[in-house]
file model_21.txt (compact mmCIF, C-alpha atoms)
# COMPACT_ATOMS: atom_id res chain seq x y z
CA MET A 1 -18.87 26.49 141.39
CA PHE A 2 -15.54 26.96 139.70
CA VAL A 3 -15.28 29.86 137.30
CA LEU A 4 -11.57 30.43 136.81
CA SER A 5 -10.34 29.49 133.37
CA GLY A 6 -7.02 28.08 132.27
CA TYR A 7 -6.62 25.67 135.16
CA ASP A 8 -7.04 22.56 133.01
CA ALA A 9 -3.64 23.42 131.54
CA LEU A 10 -2.25 23.78 135.07
CA LEU A 11 -3.66 20.38 136.00
CA ILE A 12 -1.99 18.73 133.00
CA PHE A 13 1.24 20.58 133.83
CA LEU A 14 1.11 19.31 137.43
CA MET A 15 0.52 15.73 136.27
CA LEU A 16 3.38 15.87 133.78
CA SER A 17 5.77 17.47 136.28
CA ALA A 18 4.87 14.84 138.88
CA LEU A 19 5.80 12.24 136.30
CA VAL A 20 9.32 13.64 135.80
CA PRO A 21 10.94 12.51 139.09
CA VAL A 22 9.17 9.14 138.90
CA LEU A 23 10.48 8.55 135.39
CA ALA A 24 13.97 9.77 136.27
CA LEU A 25 14.26 7.38 139.21
CA THR A 26 12.70 4.45 137.35
CA ILE A 27 14.87 4.76 134.27
CA SER A 28 18.06 5.19 136.27
CA SER A 29 17.18 2.15 138.40
CA LEU A 30 16.87 0.14 135.19
CA LEU A 31 20.23 1.32 133.88
CA ARG A 32 22.47 1.54 136.92
CA PRO A 33 24.63 -1.36 138.09
CA LYS A 34 23.20 -3.38 140.94
CA GLY A 35 26.30 -3.23 143.13
CA SER A 36 26.01 -2.63 146.85
CA GLY A 37 29.34 -1.52 148.22
CA ALA A 38 29.96 0.33 151.44
CA PHE A 39 30.23 3.61 149.61
CA ARG A 40 26.76 3.36 148.25
CA THR A 41 25.10 4.32 151.52
CA THR A 42 27.49 7.14 152.43
CA THR A 43 26.25 10.70 152.26
CA TYR A 44 27.13 12.54 149.09
CA GLU A 45 29.12 15.62 149.97
CA SER A 46 30.43 17.37 146.86
CA GLY A 47 32.61 14.42 145.92
CA VAL A 48 34.76 14.37 149.06
CA ASP A 49 34.56 12.00 151.99
CA PRO A 50 31.86 13.18 154.38
CA ARG A 51 33.03 14.16 157.82
CA GLY A 52 31.00 13.96 160.96
CA ASP A 53 27.26 14.13 161.28
CA SER A 54 24.94 15.42 158.60
CA TRP A 55 23.05 17.37 161.26
CA ILE A 56 25.32 20.32 161.92
CA GLN A 57 24.64 23.71 163.36
CA PHE A 58 24.57 26.28 160.61
CA ASN A 59 26.02 29.71 161.04
CA ILE A 60 23.56 32.39 162.21
CA ARG A 61 24.68 34.37 159.17
CA TYR A 62 22.47 32.24 156.95
CA TYR A 63 19.44 33.38 158.90
CA MET A 64 20.16 36.92 157.68
CA PHE A 65 19.92 35.76 154.09
CA ALA A 66 16.59 34.15 154.90
CA LEU A 67 15.28 37.31 156.56
CA VAL A 68 16.34 39.53 153.66
CA PHE A 69 14.78 37.02 151.29
CA VAL A 70 11.48 37.05 153.18
CA VAL A 71 11.24 40.84 152.96
CA PHE A 72 11.70 40.83 149.21
CA ASP A 73 9.40 37.85 148.88
CA VAL A 74 6.62 39.85 150.50
CA GLU A 75 7.49 42.72 148.18
CA THR A 76 6.81 40.39 145.24
CA VAL A 77 3.27 39.78 146.45
CA PHE A 78 2.63 43.52 146.38
CA LEU A 79 4.21 44.02 142.97
CA TYR A 80 2.45 41.08 141.32
CA PRO A 81 -0.99 42.79 141.00
CA TRP A 82 0.77 45.91 139.76
CA ALA A 83 2.54 43.91 137.06
CA ALA A 84 -0.69 42.12 136.10
CA ALA A 85 -2.63 45.37 135.78
CA PHE A 86 0.26 47.36 134.31
CA ASN A 87 -1.36 47.98 130.92
CA GLN A 88 -4.48 49.45 132.47
CA LEU A 89 -2.84 51.62 135.09
CA GLY A 90 -0.80 54.32 133.43
CA LEU A 91 2.21 56.44 134.27
CA LEU A 92 1.17 57.58 137.74
CA ALA A 93 0.93 54.02 138.99
CA PHE A 94 4.37 53.36 137.52
CA ILE A 95 5.82 56.24 139.54
CA GLU A 96 4.00 55.07 142.65
CA ALA A 97 5.42 51.58 142.21
CA LEU A 98 8.87 53.11 141.76
CA ILE A 99 8.46 54.89 145.11
CA PHE A 100 7.48 51.54 146.64
CA ILE A 101 10.58 49.91 145.20
CA ALA A 102 12.79 52.85 146.17
CA ILE A 103 11.81 52.50 149.83
CA LEU A 104 12.77 48.83 149.64
CA VAL A 105 16.04 49.67 147.89
CA VAL A 106 16.83 51.64 151.05
CA ALA A 107 16.30 48.39 152.95
CA LEU A 108 18.60 46.58 150.54
CA VAL A 109 21.30 49.23 150.90
CA TYR A 110 20.98 49.04 154.67
CA ALA A 111 21.38 45.26 154.58
CA TRP A 112 24.34 45.62 152.25
CA ARG A 113 26.09 48.22 154.41
CA LYS A 114 25.45 46.18 157.54
CA GLY A 115 27.17 43.22 155.90
CA ALA A 116 24.06 41.07 155.88
CA LEU A 117 24.81 40.02 152.33
CA GLU A 118 28.42 39.01 152.97
CA TRP A 119 28.96 35.34 152.37
CA THR A 120 32.09 34.80 154.47
CA MET B 1 -22.67 15.84 137.56
CA THR B 2 -20.70 17.29 134.68
CA PHE B 3 -17.13 16.41 133.86
CA SER B 4 -15.80 19.66 135.32
CA GLU B 5 -17.67 19.10 138.58
CA GLY B 6 -16.23 15.61 138.77
CA VAL B 7 -12.70 16.91 138.29
CA GLN B 8 -13.31 19.48 141.00
CA LEU B 9 -14.64 16.88 143.41
CA VAL B 10 -11.67 14.59 142.81
CA SER B 11 -9.29 17.56 143.17
CA PHE B 12 -10.98 18.55 146.41
CA ILE B 13 -10.67 15.04 147.81
CA ILE B 14 -6.99 14.80 146.83
CA LEU B 15 -6.17 18.24 148.25
CA THR B 16 -8.03 17.55 151.48
CA ALA B 17 -6.17 14.25 151.85
CA ILE B 18 -2.87 16.08 151.28
CA VAL B 19 -3.70 18.76 153.85
CA LEU B 20 -5.01 16.38 156.52
CA GLY B 21 -2.34 13.73 156.01
CA GLY B 22 0.42 16.32 155.88
CA ALA B 23 -0.83 18.03 159.02
CA ALA B 24 -0.95 14.70 160.86
CA GLY B 25 2.59 14.03 159.67
CA VAL B 26 3.77 17.44 160.89
CA VAL B 27 2.54 16.60 164.36
CA LEU B 28 3.45 12.93 164.51
CA LEU B 29 6.82 12.66 162.75
CA ARG B 30 9.86 12.52 164.98
CA SER B 31 12.24 14.49 162.80
CA MET B 32 11.72 18.24 162.84
CA VAL B 33 13.08 18.58 159.31
CA HIS B 34 10.55 16.09 157.96
CA SER B 35 7.80 17.96 159.79
CA ALA B 36 8.91 21.24 158.25
CA PHE B 37 8.91 19.83 154.71
CA LEU B 38 5.48 18.29 155.29
CA LEU B 39 4.29 21.69 156.50
CA GLY B 40 5.28 23.05 153.10
CA LEU B 41 3.15 20.33 151.51
CA VAL B 42 0.21 21.35 153.73
CA PHE B 43 0.63 24.97 152.61
CA ILE B 44 0.66 23.91 148.95
CA GLY B 45 -2.49 21.85 149.49
CA ALA B 46 -4.18 24.85 151.10
CA ALA B 47 -3.18 26.92 148.05
CA GLY B 48 -4.87 24.33 145.85
CA LEU B 49 -8.02 24.63 147.96
CA TYR B 50 -7.93 28.40 147.45
CA VAL B 51 -7.76 27.85 143.70
CA LEU B 52 -10.82 25.62 143.94
CA LEU B 53 -12.57 28.49 145.75
CA ASN B 54 -11.84 30.84 142.81
CA ALA B 55 -9.29 32.82 144.87
CA ASP B 56 -6.31 32.70 142.56
CA PHE B 57 -4.47 35.67 144.08
CA VAL B 58 -4.81 34.24 147.57
CA ALA B 59 -3.42 30.96 146.24
CA ALA B 60 -0.44 32.72 144.64
CA ALA B 61 0.21 34.69 147.83
CA GLN B 62 -0.08 31.48 149.84
CA ILE B 63 2.59 29.81 147.72
CA LEU B 64 4.86 32.87 147.73
CA ILE B 65 4.57 33.77 151.39
CA TYR B 66 3.90 30.52 153.21
CA VAL B 67 5.82 28.03 151.11
CA GLY B 68 8.46 30.45 149.89
CA ALA B 69 9.10 32.51 152.97
CA VAL B 70 7.56 31.13 156.15
CA ASN B 71 8.51 27.54 155.51
CA VAL B 72 12.04 28.53 154.49
CA LEU B 73 12.39 30.53 157.71
CA ILE B 74 11.15 27.54 159.72
CA LEU B 75 13.69 25.28 158.00
CA PHE B 76 16.47 27.79 158.63
CA ALA B 77 15.47 28.03 162.28
CA ILE B 78 15.58 24.23 162.59
CA MET B 79 19.02 24.09 160.97
CA LEU B 80 20.28 26.81 163.30
CA VAL B 81 18.90 25.35 166.49
CA ASN B 82 20.83 22.08 166.13
CA LYS B 83 18.80 20.24 168.71
CA ARG B 84 18.20 16.57 168.36
CA ILE B 85 14.89 15.45 169.74
CA PRO B 86 15.29 12.20 171.67
CA THR B 87 13.45 9.55 169.74
CA ASP B 88 12.38 7.49 172.73
CA ARG B 89 9.85 9.90 174.13
CA PRO B 90 6.58 8.27 175.11
CA VAL B 91 3.65 9.12 172.88
CA PHE B 92 1.11 9.26 175.72
CA SER B 93 2.63 11.68 178.18
CA PRO B 94 0.69 14.18 180.31
CA ARG B 95 2.06 16.99 178.17
CA ASN B 96 0.76 15.42 174.98
CA ALA B 97 -2.58 14.77 176.66
CA VAL B 98 -2.95 18.45 177.59
CA THR B 99 -1.91 19.50 174.08
CA GLY B 100 -4.41 17.11 172.55
CA LEU B 101 -7.15 18.38 174.83
CA VAL B 102 -6.49 22.00 173.88
CA CYS B 103 -6.39 21.14 170.16
CA ALA B 104 -9.61 19.11 170.38
CA GLY B 105 -11.30 22.01 172.17
CA LEU B 106 -10.13 24.48 169.51
CA PHE B 107 -11.33 22.14 166.79
CA ALA B 108 -14.75 21.77 168.41
CA LEU B 109 -15.04 25.54 168.85
CA LEU B 110 -14.18 26.23 165.21
CA ALA B 111 -16.51 23.49 163.98
CA VAL B 112 -19.40 24.88 166.01
CA CYS B 113 -18.64 28.39 164.69
CA ILE B 114 -18.53 27.21 161.10
CA PHE B 115 -21.85 25.39 161.34
CA GLN B 116 -23.64 28.15 163.25
CA VAL B 117 -22.66 31.19 161.22
CA PRO B 118 -25.19 31.92 158.44
CA TRP B 119 -22.67 32.28 155.62
CA GLN B 120 -23.63 34.55 152.75
CA ILE B 121 -22.63 32.47 149.77
CA GLN B 122 -22.53 34.44 146.54
CA GLU B 123 -22.29 33.11 143.05
CA PRO B 124 -18.70 33.52 141.92
CA VAL B 125 -18.04 36.11 139.23
CA ALA B 126 -15.62 35.30 136.44
CA MET B 127 -13.09 38.13 136.52
CA ASN B 128 -9.36 38.52 136.83
CA THR B 129 -8.98 39.22 140.52
CA VAL B 130 -5.26 39.99 140.25
CA ILE B 131 -5.85 42.86 137.82
CA GLU B 132 -8.72 44.08 139.99
CA ILE B 133 -6.50 44.06 143.08
CA GLY B 134 -3.81 45.91 141.11
CA LYS B 135 -6.29 48.62 140.11
CA ARG B 136 -7.49 49.02 143.69
CA PHE B 137 -3.89 49.21 144.96
CA PHE B 138 -3.26 52.30 142.87
CA SER B 139 -6.59 54.03 143.45
CA GLU B 140 -8.22 53.71 146.83
CA PHE B 141 -5.57 51.69 148.67
CA LEU B 142 -2.53 53.67 147.53
CA LEU B 143 -1.49 54.86 150.99
CA PRO B 144 -1.62 51.39 152.58
CA PHE B 145 0.34 50.10 149.59
CA GLU B 146 3.14 52.60 150.14
CA VAL B 147 3.02 52.18 153.92
CA ALA B 148 3.51 48.46 153.37
CA SER B 149 6.93 49.14 151.86
CA VAL B 150 7.86 51.28 154.88
CA LEU B 151 6.70 48.41 157.08
CA LEU B 152 8.89 46.00 155.12
CA LEU B 153 11.83 48.41 155.49
CA LEU B 154 11.30 48.51 159.25
CA ALA B 155 11.03 44.73 159.39
CA MET B 156 14.30 44.34 157.52
CA VAL B 157 16.15 46.85 159.74
CA GLY B 158 14.79 45.26 162.89
CA ALA B 159 15.64 41.75 161.72
CA ILE B 160 19.20 42.72 160.85
CA ILE B 161 19.70 44.52 164.16
CA LEU B 162 18.37 41.51 166.07
CA ALA B 163 20.34 38.98 164.06
CA GLN B 164 23.66 40.82 164.13
CA ARG B 165 23.59 41.48 167.90
CA GLU B 166 25.88 44.46 167.61
CA TYR B 167 26.28 46.69 170.62
CA ILE B 168 28.13 49.86 171.57
CA PRO B 169 30.55 49.06 174.38
CA ASP B 170 29.73 51.23 177.38
CA ARG B 171 33.05 50.72 179.15
CA ALA B 172 36.42 52.37 178.89
CA GLU B 173 39.61 50.78 177.53
CA GLY B 174 41.21 48.27 179.85
CA GLU B 175 38.12 47.54 181.90
CA PRO B 176 37.24 43.87 182.25
CA GLU B 177 34.51 42.34 180.15
CA PRO B 178 31.11 42.89 181.73
CA LEU B 179 29.20 39.86 182.85
CA ALA B 180 26.64 38.88 180.28
CA LEU B 181 23.88 36.38 179.95
CA PRO B 182 25.05 33.09 178.53
CA GLU B 183 24.62 33.00 174.79
CA ARG B 184 25.18 30.45 172.14
CA PRO B 185 28.96 30.37 171.66
CA ARG B 186 30.15 31.76 168.36
CA ASP B 187 31.78 29.28 166.02
CA GLU B 188 35.00 29.98 164.32
CA VAL B 189 34.59 29.70 160.57
CA ASP B 190 35.81 26.33 159.37
CA THR B 191 37.97 27.02 156.35
CA THR B 192 38.72 23.46 155.35
CA PRO B 193 37.09 22.56 152.06
CA THR B 194 34.60 20.20 153.62
CA GLY B 195 33.69 22.44 156.49
CA ARG B 196 32.12 25.18 154.44
CA ARG B 197 28.47 24.67 153.67
call {"tool": "encode", "arguments": {"input": "model_21.txt", "output": "structure tokens"}}
result
Amino acid sequence: MFVLSGYDALLIFLMLSALVPVLALTISSLLRPKGSGAFRTTTYESGVDPRGDSWIQFNIRYYMFALVFVVFDVETVFLYPWAAAFNQLGLLAFIEALIFIAILVVALVYAWRKGALEWT
Amino acid sequence: MTFSEGVQLVSFIILTAIVLGGAAGVVLLRSMVHSAFLLGLVFIGAAGLYVLLNADFVAAAQILIYVGAVNVLILFAIMLVNKRIPTDRPVFSPRNAVTGLVCAGLFALLAVCIFQVPWQIQEPVAMNTVIEIGKRFFSEFLLPFEVASVLLLLAMVGAIILAQREYIPDRAEGEPEPLALPERPRDEVDTTPTGRR
């Protein structure tokens, strides 16, 4: 038995959002010219001619971004019930959540100082 | 059967088809990237099944953690490994046979377990589970909640230390480089406009 409410709106939202890419591709296929040059099948690479293979080895540096992201993603899961119950919890819970965030700010500062957030 | 039950049945069938089809695609597709994206679809389908089971917080956590984090990490790992799988591997190799046997055995074990356990099925209660979990976090589970942030801090520090591979040189100036295990060679950063991604 299903007791959660409000999911009929989600269902309609999912149907409508599934329609968006379908409509976008259909309408553009009606409007675009039907040419088939050699450039049409080349990989799009920011407007310049693509070089080499599309399957390249990415720098290990990007894995650091992913790891930092995962940590703060998990943090979100813990903070989400706190945010949902915020009105019923009171000041003490606010301070406790601040302690939680402060410990993770230490992690962010560590990542920053270690250069894990440097792009180049 | 009421209208709402019909919608639920159809949703269940669609979600199960997504999960089973996606899982088959993860195993059978040749390209690792396609498999990884299909794995994300499987996770989303599982989240939908959780919603059908009245577990909205579990569904949200499933989307956040599995689709948002785990699948992204898997995709990153695939992009970093840079290994092309040869496409002409035979489908029926001894290795695949052993893998299939182990998977079939695990499936049979789980199926037997599921049918033998006398599940205590309760009538679902209409309440906001997220708010309830939030209240419990700040009353009886406060210490685990705070320890979780310390655990996340440790995970971040450990991940950065492992990923950066820094070390303190234990040799004096002028000594030759010590012999080391072969590692993936470091790439020089390509500074041409097209090289940067």
call {"tool": "atom_distance", "arguments": {"input": "model_21.txt", "atom1": "CA of Gln8 in chain B", "atom2": "CA of Gly48 in chain B"}}
result
10.9 Å
call {"tool": "interface_residues", "arguments": {"input": "model_21.txt", "of": "chain A", "to": "chain B", "cutoff": "6 Å", "atoms": "all atoms listed in the file", "output": "list in words"}}
result
Val3, Gln57, Phe58, Val70, Pro81, Trp82, Ala84, Ala85, Ala93, Phe100, Leu104 and Ala107 of chain A
call {"tool": "closest_residue", "arguments": {"input": "model_21.txt", "among": "B:Leu106, B:Leu29, B:Ala111, B:Leu15", "to": "Ala47 in chain B", "atoms": "only C-alpha atoms"}}
result
B:Leu15
call {"tool": "atom_distance", "arguments": {"input": "model_21.txt", "atom1": "CA of Leu79 in chain A", "atom2": "CA of Ala97 in chain A"}}
result
7.7 Å
call {"tool": "atom_distance", "arguments": {"input": "model_21.txt", "atom1": "CA of Ala36 in chain B", "atom2": "CA of Phe13 in chain A"}}
result
25.6 Å
call {"tool": "closest_residue", "arguments": {"input": "model_21.txt", "among": "B:Phe92, B:Asn71, B:Leu101, B:Pro144", "to": "Val33 in chain B", "atoms": "all atoms listed in the file"}}
result
B:Asn71
call {"tool": "axis_aligned_box", "arguments": {"input": "model_21.txt", "around": "range 4-19 of chain B", "padding_each_side": "4 Å", "output": "AutoDock Vina command-line options"}}
result
--center_x -10.3 --center_y 17.0 --center_z 144.6 --size_x 22.8 --size_y 13.4 --size_z 26.5
